[in-house]
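Undergrad: Sharing work.pdb, PDB, N, CA and C atoms, pLDDT in the B column:
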ATOM      1  N   MET P   1     168.161  68.370  97.499  1.00 83.00           N
ATOM      2  CA  MET P   1     169.017  69.058  98.436  1.00 83.00           C
ATOM      3  C   MET P   1     168.327  70.319  98.970  1.00 83.00           C
ATOM      4  N   ALA P   2     167.590  71.022  98.133  1.00 92.00           N
ATOM      5  CA  ALA P   2     166.912  72.247  98.569  1.00 92.00           C
ATOM      6  C   ALA P   2     165.847  71.933  99.616  1.00 92.00           C
ATOM      7  N   LEU P   3     165.162  70.803  99.460  1.00 94.00           N
ATOM      8  CA  LEU P   3     164.137  70.415 100.430  1.00 94.00           C
ATOM      9  C   LEU P   3     164.763  70.143 101.794  1.00 94.00           C
ATOM     10  N   GLN P   4     165.906  69.477 101.801  1.00 95.00           N
ATOM     11  CA  GLN P   4     166.593  69.195 103.063  1.00 95.00           C
ATOM     12  C   GLN P   4     167.029  70.493 103.740  1.00 95.00           C
ATOM     13  N   GLU P   5     167.560  71.407 102.965  1.00 96.00           N
ATOM     14  CA  GLU P   5     168.017  72.683 103.518  1.00 96.00           C
ATOM     15  C   GLU P   5     166.851  73.473 104.111  1.00 96.00           C
ATOM     16  N   ALA P   6     165.747  73.508 103.387  1.00 94.00           N
ATOM     17  CA  ALA P   6     164.569  74.231 103.869  1.00 94.00           C
ATOM     18  C   ALA P   6     164.018  73.585 105.139  1.00 94.00           C
ATOM     19  N   SER P   7     163.997  72.263 105.160  1.00 95.00           N
ATOM     20  CA  SER P   7     163.504  71.546 106.342  1.00 95.00           C
ATOM     21  C   SER P   7     164.379  71.810 107.553  1.00 95.00           C
ATOM     22  N   GLU P   8     165.690  71.755 107.351  1.00 96.00           N
ATOM     23  CA  GLU P   8     166.619  72.005 108.458  1.00 96.00           C
ATOM     24  C   GLU P   8     166.477  73.432 108.980  1.00 96.00           C
ATOM     25  N   THR P   9     166.339  74.379 108.076  1.00 94.00           N
ATOM     26  CA  THR P   9     166.190  75.779 108.481  1.00 94.00           C
ATOM     27  C   THR P   9     164.924  75.965 109.308  1.00 94.00           C
ATOM     28  N   TYR P  10     163.818  75.363 108.856  1.00 94.00           N
ATOM     29  CA  TYR P  10     162.554  75.461 109.590  1.00 94.00           C
ATOM     30  C   TYR P  10     162.674  74.840 110.978  1.00 94.00           C
ATOM     31  N   LEU P  11     163.234  73.620 111.043  1.00 95.00           N
ATOM     32  CA  LEU P  11     163.324  72.921 112.323  1.00 95.00           C
ATOM     33  C   LEU P  11     164.265  73.609 113.302  1.00 95.00           C
ATOM     34  N   VAL P  12     165.384  74.120 112.805  1.00 96.00           N
ATOM     35  CA  VAL P  12     166.313  74.836 113.688  1.00 96.00           C
ATOM     36  C   VAL P  12     165.621  76.064 114.276  1.00 96.00           C
ATOM     37  N   GLY P  13     164.910  76.811 113.438  1.00 94.00           N
ATOM     38  CA  GLY P  13     164.184  77.982 113.927  1.00 94.00           C
ATOM     39  C   GLY P  13     163.108  77.602 114.932  1.00 94.00           C
ATOM     40  N   LEU P  14     162.393  76.520 114.645  1.00 95.00           N
ATOM     41  CA  LEU P  14     161.342  76.057 115.556  1.00 95.00           C
ATOM     42  C   LEU P  14     161.930  75.677 116.907  1.00 95.00           C
ATOM     43  N   PHE P  15     163.040  74.936 116.897  1.00 97.00           N
ATOM     44  CA  PHE P  15     163.642  74.524 118.162  1.00 97.00           C
ATOM     45  C   PHE P  15     164.281  75.699 118.905  1.00 97.00           C
ATOM     46  N   GLU P  16     164.781  76.688 118.191  1.00 96.00           N
ATOM     47  CA  GLU P  16     165.301  77.884 118.868  1.00 96.00           C
ATOM     48  C   GLU P  16     164.172  78.599 119.601  1.00 96.00           C
ATOM     49  N   ASN P  17     163.045  78.775 118.924  1.00 96.00           N
ATOM     50  CA  ASN P  17     161.899  79.443 119.546  1.00 96.00           C
ATOM     51  C   ASN P  17     161.301  78.597 120.672  1.00 96.00           C
ATOM     52  N   THR P  18     161.291  77.277 120.482  1.00 97.00           N
ATOM     53  CA  THR P  18     160.803  76.371 121.519  1.00 97.00           C
ATOM     54  C   THR P  18     161.667  76.479 122.765  1.00 97.00           C
ATOM     55  N   ASN P  19     162.971  76.556 122.570  1.00 97.00           N
ATOM     56  CA  ASN P  19     163.887  76.693 123.698  1.00 97.00           C
ATOM     57  C   ASN P  19     163.643  78.009 124.435  1.00 97.00           C
ATOM     58  N   LEU P  20     163.379  79.075 123.696  1.00 96.00           N
ATOM     59  CA  LEU P  20     163.074  80.356 124.340  1.00 96.00           C
ATOM     60  C   LEU P  20     161.794  80.265 125.177  1.00 96.00           C
ATOM     61  N   CYS P  21     160.809  79.525 124.688  1.00 97.00           N
ATOM     62  CA  CYS P  21     159.569  79.334 125.456  1.00 97.00           C
ATOM     63  C   CYS P  21     159.848  78.572 126.748  1.00 97.00           C
ATOM     64  N   ALA P  22     160.699  77.551 126.680  1.00 97.00           N
ATOM     65  CA  ALA P  22     161.046  76.782 127.878  1.00 97.00           C
ATOM     66  C   ALA P  22     161.817  77.650 128.867  1.00 97.00           C
ATOM     67  N   ILE P  23     162.745  78.443 128.371  1.00 97.00           N
ATOM     68  CA  ILE P  23     163.517  79.331 129.246  1.00 97.00           C
ATOM     69  C   ILE P  23     162.590  80.348 129.911  1.00 97.00           C
ATOM     70  N   HIS P  24     161.632  80.864 129.157  1.00 96.00           N
ATOM     71  CA  HIS P  24     160.672  81.823 129.721  1.00 96.00           C
ATOM     72  C   HIS P  24     159.879  81.191 130.867  1.00 96.00           C
ATOM     73  N   ALA P  25     159.613  79.884 130.746  1.00 96.00           N
ATOM     74  CA  ALA P  25     158.881  79.165 131.799  1.00 96.00           C
ATOM     75  C   ALA P  25     159.819  78.708 132.916  1.00 96.00           C
ATOM     76  N   LYS P  26     161.071  79.166 132.866  1.00 97.00           N
ATOM     77  CA  LYS P  26     162.087  78.842 133.872  1.00 97.00           C
ATOM     78  C   LYS P  26     162.396  77.348 133.918  1.00 97.00           C
ATOM     79  N   ARG P  27     162.454  76.736 132.731  1.00 97.00           N
ATOM     80  CA  ARG P  27     162.825  75.329 132.616  1.00 97.00           C
ATOM     81  C   ARG P  27     163.977  75.196 131.640  1.00 97.00           C
ATOM     82  N   MET P  28     164.734  74.130 131.788  1.00 95.00           N
ATOM     83  CA  MET P  28     165.838  73.851 130.873  1.00 95.00           C
ATOM     84  C   MET P  28     165.447  72.812 129.822  1.00 95.00           C
ATOM     85  N   THR P  29     164.318  72.150 130.035  1.00 97.00           N
ATOM     86  CA  THR P  29     163.876  71.076 129.148  1.00 97.00           C
ATOM     87  C   THR P  29     162.676  71.546 128.338  1.00 97.00           C
ATOM     88  N   ILE P  30     162.715  71.302 127.023  1.00 97.00           N
ATOM     89  CA  ILE P  30     161.558  71.662 126.199  1.00 97.00           C
ATOM     90  C   ILE P  30     160.468  70.605 126.364  1.00 97.00           C
ATOM     91  N   MET P  31     159.244  71.052 126.213  1.00 97.00           N
ATOM     92  CA  MET P  31     158.089  70.168 126.333  1.00 97.00           C
ATOM     93  C   MET P  31     157.196  70.390 125.113  1.00 97.00           C
ATOM     94  N   PRO P  32     156.304  69.427 124.834  1.00 97.00           N
ATOM     95  CA  PRO P  32     155.418  69.597 123.677  1.00 97.00           C
ATOM     96  C   PRO P  32     154.639  70.911 123.695  1.00 97.00           C
ATOM     97  N   LYS P  33     154.246  71.370 124.883  1.00 97.00           N
ATOM     98  CA  LYS P  33     153.491  72.626 124.941  1.00 97.00           C
ATOM     99  C   LYS P  33     154.348  73.809 124.512  1.00 97.00           C
ATOM    100  N   ASN P  34     155.683  73.706 124.658  1.00 97.00           N
ATOM    101  CA  ASN P  34     156.570  74.767 124.179  1.00 97.00           C
ATOM    102  C   ASN P  34     156.593  74.799 122.658  1.00 97.00           C
ATOM    103  N   ILE P  35     156.589  73.629 122.039  1.00 96.00           N
ATOM    104  CA  ILE P  35     156.563  73.559 120.572  1.00 96.00           C
ATOM    105  C   ILE P  35     155.242  74.130 120.058  1.00 96.00           C
ATOM    106  N   GLN P  36     154.143  73.778 120.726  1.00 95.00           N
ATOM    107  CA  GLN P  36     152.836  74.294 120.315  1.00 95.00           C
ATOM    108  C   GLN P  36     152.790  75.812 120.417  1.00 95.00           C
ATOM    109  N   LEU P  37     153.320  76.352 121.505  1.00 95.00           N
ATOM    110  CA  LEU P  37     153.330  77.803 121.684  1.00 95.00           C
ATOM    111  C   LEU P  37     154.192  78.475 120.625  1.00 95.00           C
ATOM    112  N   ALA P  38     155.361  77.915 120.345  1.00 95.00           N
ATOM    113  CA  ALA P  38     156.253  78.494 119.336  1.00 95.00           C
ATOM    114  C   ALA P  38     155.581  78.506 117.963  1.00 95.00           C
ATOM    115  N   ARG P  39     154.866  77.433 117.631  1.00 94.00           N
ATOM    116  CA  ARG P  39     154.172  77.376 116.341  1.00 94.00           C
ATOM    117  C   ARG P  39     153.020  78.372 116.291  1.00 94.00           C
ATOM    118  N   GLN P  40     152.293  78.531 117.393  1.00 92.00           N
ATOM    119  CA  GLN P  40     151.188  79.493 117.427  1.00 92.00           C
ATOM    120  C   GLN P  40     151.703  80.915 117.277  1.00 92.00           C
ATOM    121  N   LEU P  41     152.802  81.226 117.946  1.00 90.00           N
ATOM    122  CA  LEU P  41     153.362  82.568 117.837  1.00 90.00           C
ATOM    123  C   LEU P  41     153.857  82.839 116.427  1.00 90.00           C
ATOM    124  N   LYS P  42     154.454  81.842 115.793  1.00 87.00           N
ATOM    125  CA  LYS P  42     154.915  81.989 114.414  1.00 87.00           C
ATOM    126  C   LYS P  42     153.720  82.262 113.503  1.00 87.00           C
ATOM    127  N   CYS P  43     152.621  81.556 113.739  1.00 83.00           N
ATOM    128  CA  CYS P  43     151.414  81.731 112.928  1.00 83.00           C
ATOM    129  C   CYS P  43     150.845  83.138 113.106  1.00 83.00           C
ATOM    130  N   LEU P  44     150.854  83.640 114.329  1.00 78.00           N
ATOM    131  CA  LEU P  44     150.338  84.989 114.576  1.00 78.00           C
ATOM    132  C   LEU P  44     151.168  86.034 113.852  1.00 78.00           C
ATOM    133  N   ASN P  45     152.472  85.796 113.719  1.00 74.00           N
ATOM    134  CA  ASN P  45     153.333  86.741 113.016  1.00 74.00           C
ATOM    135  C   ASN P  45     153.058  86.750 111.518  1.00 74.00           C
ATOM    136  N   CYS P  46     152.488  85.666 110.997  1.00 73.00           N
ATOM    137  CA  CYS P  46     152.240  85.566 109.560  1.00 73.00           C
ATOM    138  C   CYS P  46     150.908  86.192 109.151  1.00 73.00           C
ATOM    139  N   ILE P  47     150.019  86.395 110.115  1.00 67.00           N
ATOM    140  CA  ILE P  47     148.692  86.919 109.796  1.00 67.00           C
ATOM    141  C   ILE P  47     148.803  88.395 109.433  1.00 67.00           C
ATOM    142  N   GLN P  48     148.254  88.736 108.294  1.00 58.00           N
ATOM    143  CA  GLN P  48     148.226  90.131 107.853  1.00 58.00           C
ATOM    144  C   GLN P  48     146.922  90.736 108.350  1.00 58.00           C
ATOM    145  N   PHE P  49     146.988  91.914 108.925  1.00 58.00           N
ATOM    146  CA  PHE P  49     145.767  92.568 109.363  1.00 58.00           C
ATOM    147  C   PHE P  49     145.858  94.049 109.049  1.00 58.00           C
ATOM    148  N   ASN P  50     144.697  94.657 108.963  1.00 53.00           N
ATOM    149  CA  ASN P  50     144.609  96.080 108.671  1.00 53.00           C
ATOM    150  C   ASN P  50     144.635  96.833 109.998  1.00 53.00           C
ATOM    151  N   PRO P  51     145.659  97.647 110.258  1.00 57.00           N
ATOM    152  CA  PRO P  51     145.726  98.345 111.537  1.00 57.00           C
ATOM    153  C   PRO P  51     144.600  99.358 111.727  1.00 57.00           C
ATOM    154  N   ARG P  52     144.028  99.855 110.637  1.00 60.00           N
ATOM    155  CA  ARG P  52     142.905 100.795 110.723  1.00 60.00           C
ATOM    156  C   ARG P  52     141.707 100.205 109.996  1.00 60.00           C
ATOM    157  N   PRO P  53     140.961  99.324 110.649  1.00 57.00           N
ATOM    158  CA  PRO P  53     139.828  98.715 109.947  1.00 57.00           C
ATOM    159  C   PRO P  53     138.755  99.746 109.637  1.00 57.00           C
ATOM    160  N   SER P  54     138.041  99.483 108.580  1.00 59.00           N
ATOM    161  CA  SER P  54     136.976 100.398 108.184  1.00 59.00           C
ATOM    162  C   SER P  54     135.831 100.273 109.185  1.00 59.00           C
ATOM    163  N   ILE P  55     135.318 101.391 109.639  1.00 60.00           N
ATOM    164  CA  ILE P  55     134.257 101.399 110.643  1.00 60.00           C
ATOM    165  C   ILE P  55     132.906 101.134 109.985  1.00 60.00           C
ATOM    166  N   GLY P  56     132.739 101.561 108.815  1.00 56.00           N
ATOM    167  CA  GLY P  56     131.475 101.365 108.120  1.00 56.00           C
ATOM    168  C   GLY P  56     131.529 102.067 106.782  1.00 56.00           C
ATOM    169  N   PRO P  57     130.395 102.126 106.092  1.00 57.00           N
ATOM    170  CA  PRO P  57     130.398 102.809 104.797  1.00 57.00           C
ATOM    171  C   PRO P  57     130.676 104.301 104.978  1.00 57.00           C
ATOM    172  N   LYS P  58     131.386 104.845 104.038  1.00 57.00           N
ATOM    173  CA  LYS P  58     131.730 106.273 104.110  1.00 57.00           C
ATOM    174  C   LYS P  58     130.508 107.110 103.752  1.00 57.00           C
ATOM    175  N   MET P  59     130.290 108.116 104.551  1.00 53.00           N
ATOM    176  CA  MET P  59     129.194 109.040 104.285  1.00 53.00           C
ATOM    177  C   MET P  59     129.707 110.161 103.399  1.00 53.00           C
ATOM    178  N   LEU P  60     128.954 110.489 102.374  1.00 50.00           N
ATOM    179  CA  LEU P  60     129.350 111.577 101.476  1.00 50.00           C
ATOM    180  C   LEU P  60     128.686 112.859 101.857  1.00 50.00           C
TER
END
Output the file's structure as structure tokens, nothing else.
TA:
Amino acid sequence: MALQEASETYLVGLFENTNLCAIHAKRMTIMPKNIQLARQLKCLNCIQFNPRPSIGPKML
């Protein structure tokens, strides 16, 4: 039952974001490229990055 719930939650979120991508493109119908974009944006949100990357070794 937990697997079904998790799957439904993921798919509902994916289709909500996909629909937003279609609306942004001024369309009422979702297309595969909308799903791809929604998944890419979700992936970008998951990437952790350092906002202040180290420039080089510290000089003493």
Undergrad: Identify, on the basis of all atoms listed in the file, every residue whose closest approach to stretch 26-42 of chain P does not exceed 6 Å; exclude the query and any residue fewer than 5 positions from it along the same chain; express the result as JSON, numbers by chain.
TA: {"P": [17, 18, 21]}
Undergrad: What is the distance between atom CA of P:Gly13 and atom CA of P:Leu44, in Å to one decimal?
TA: 15.5 Å
Undergrad: Can you work out the spacing between atom N of P:Glu5 and atom N of P:Asn19 in Å, to one decimal?
TA: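 So the answer is 20.8 Å.
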Undergrad: Give me the box for stretch 25-33 of chain P as AutoDock Vina command-line options, namely the centre and edge lengths in Å to one decimal of a box along x, y and z that holds every listed atom plus 5 Å on each side.
TA:
--center_x 159.7 --center_y 74.7 --center_z 128.8 --size_x 22.3 --size_y 20.5 --size_z 20.2
Undergrad: Would you work out the distance separating atom N of P:Cys46 from atom N of P:Phe15, expressed in Å to one decimal?
TA: 16.2 Å
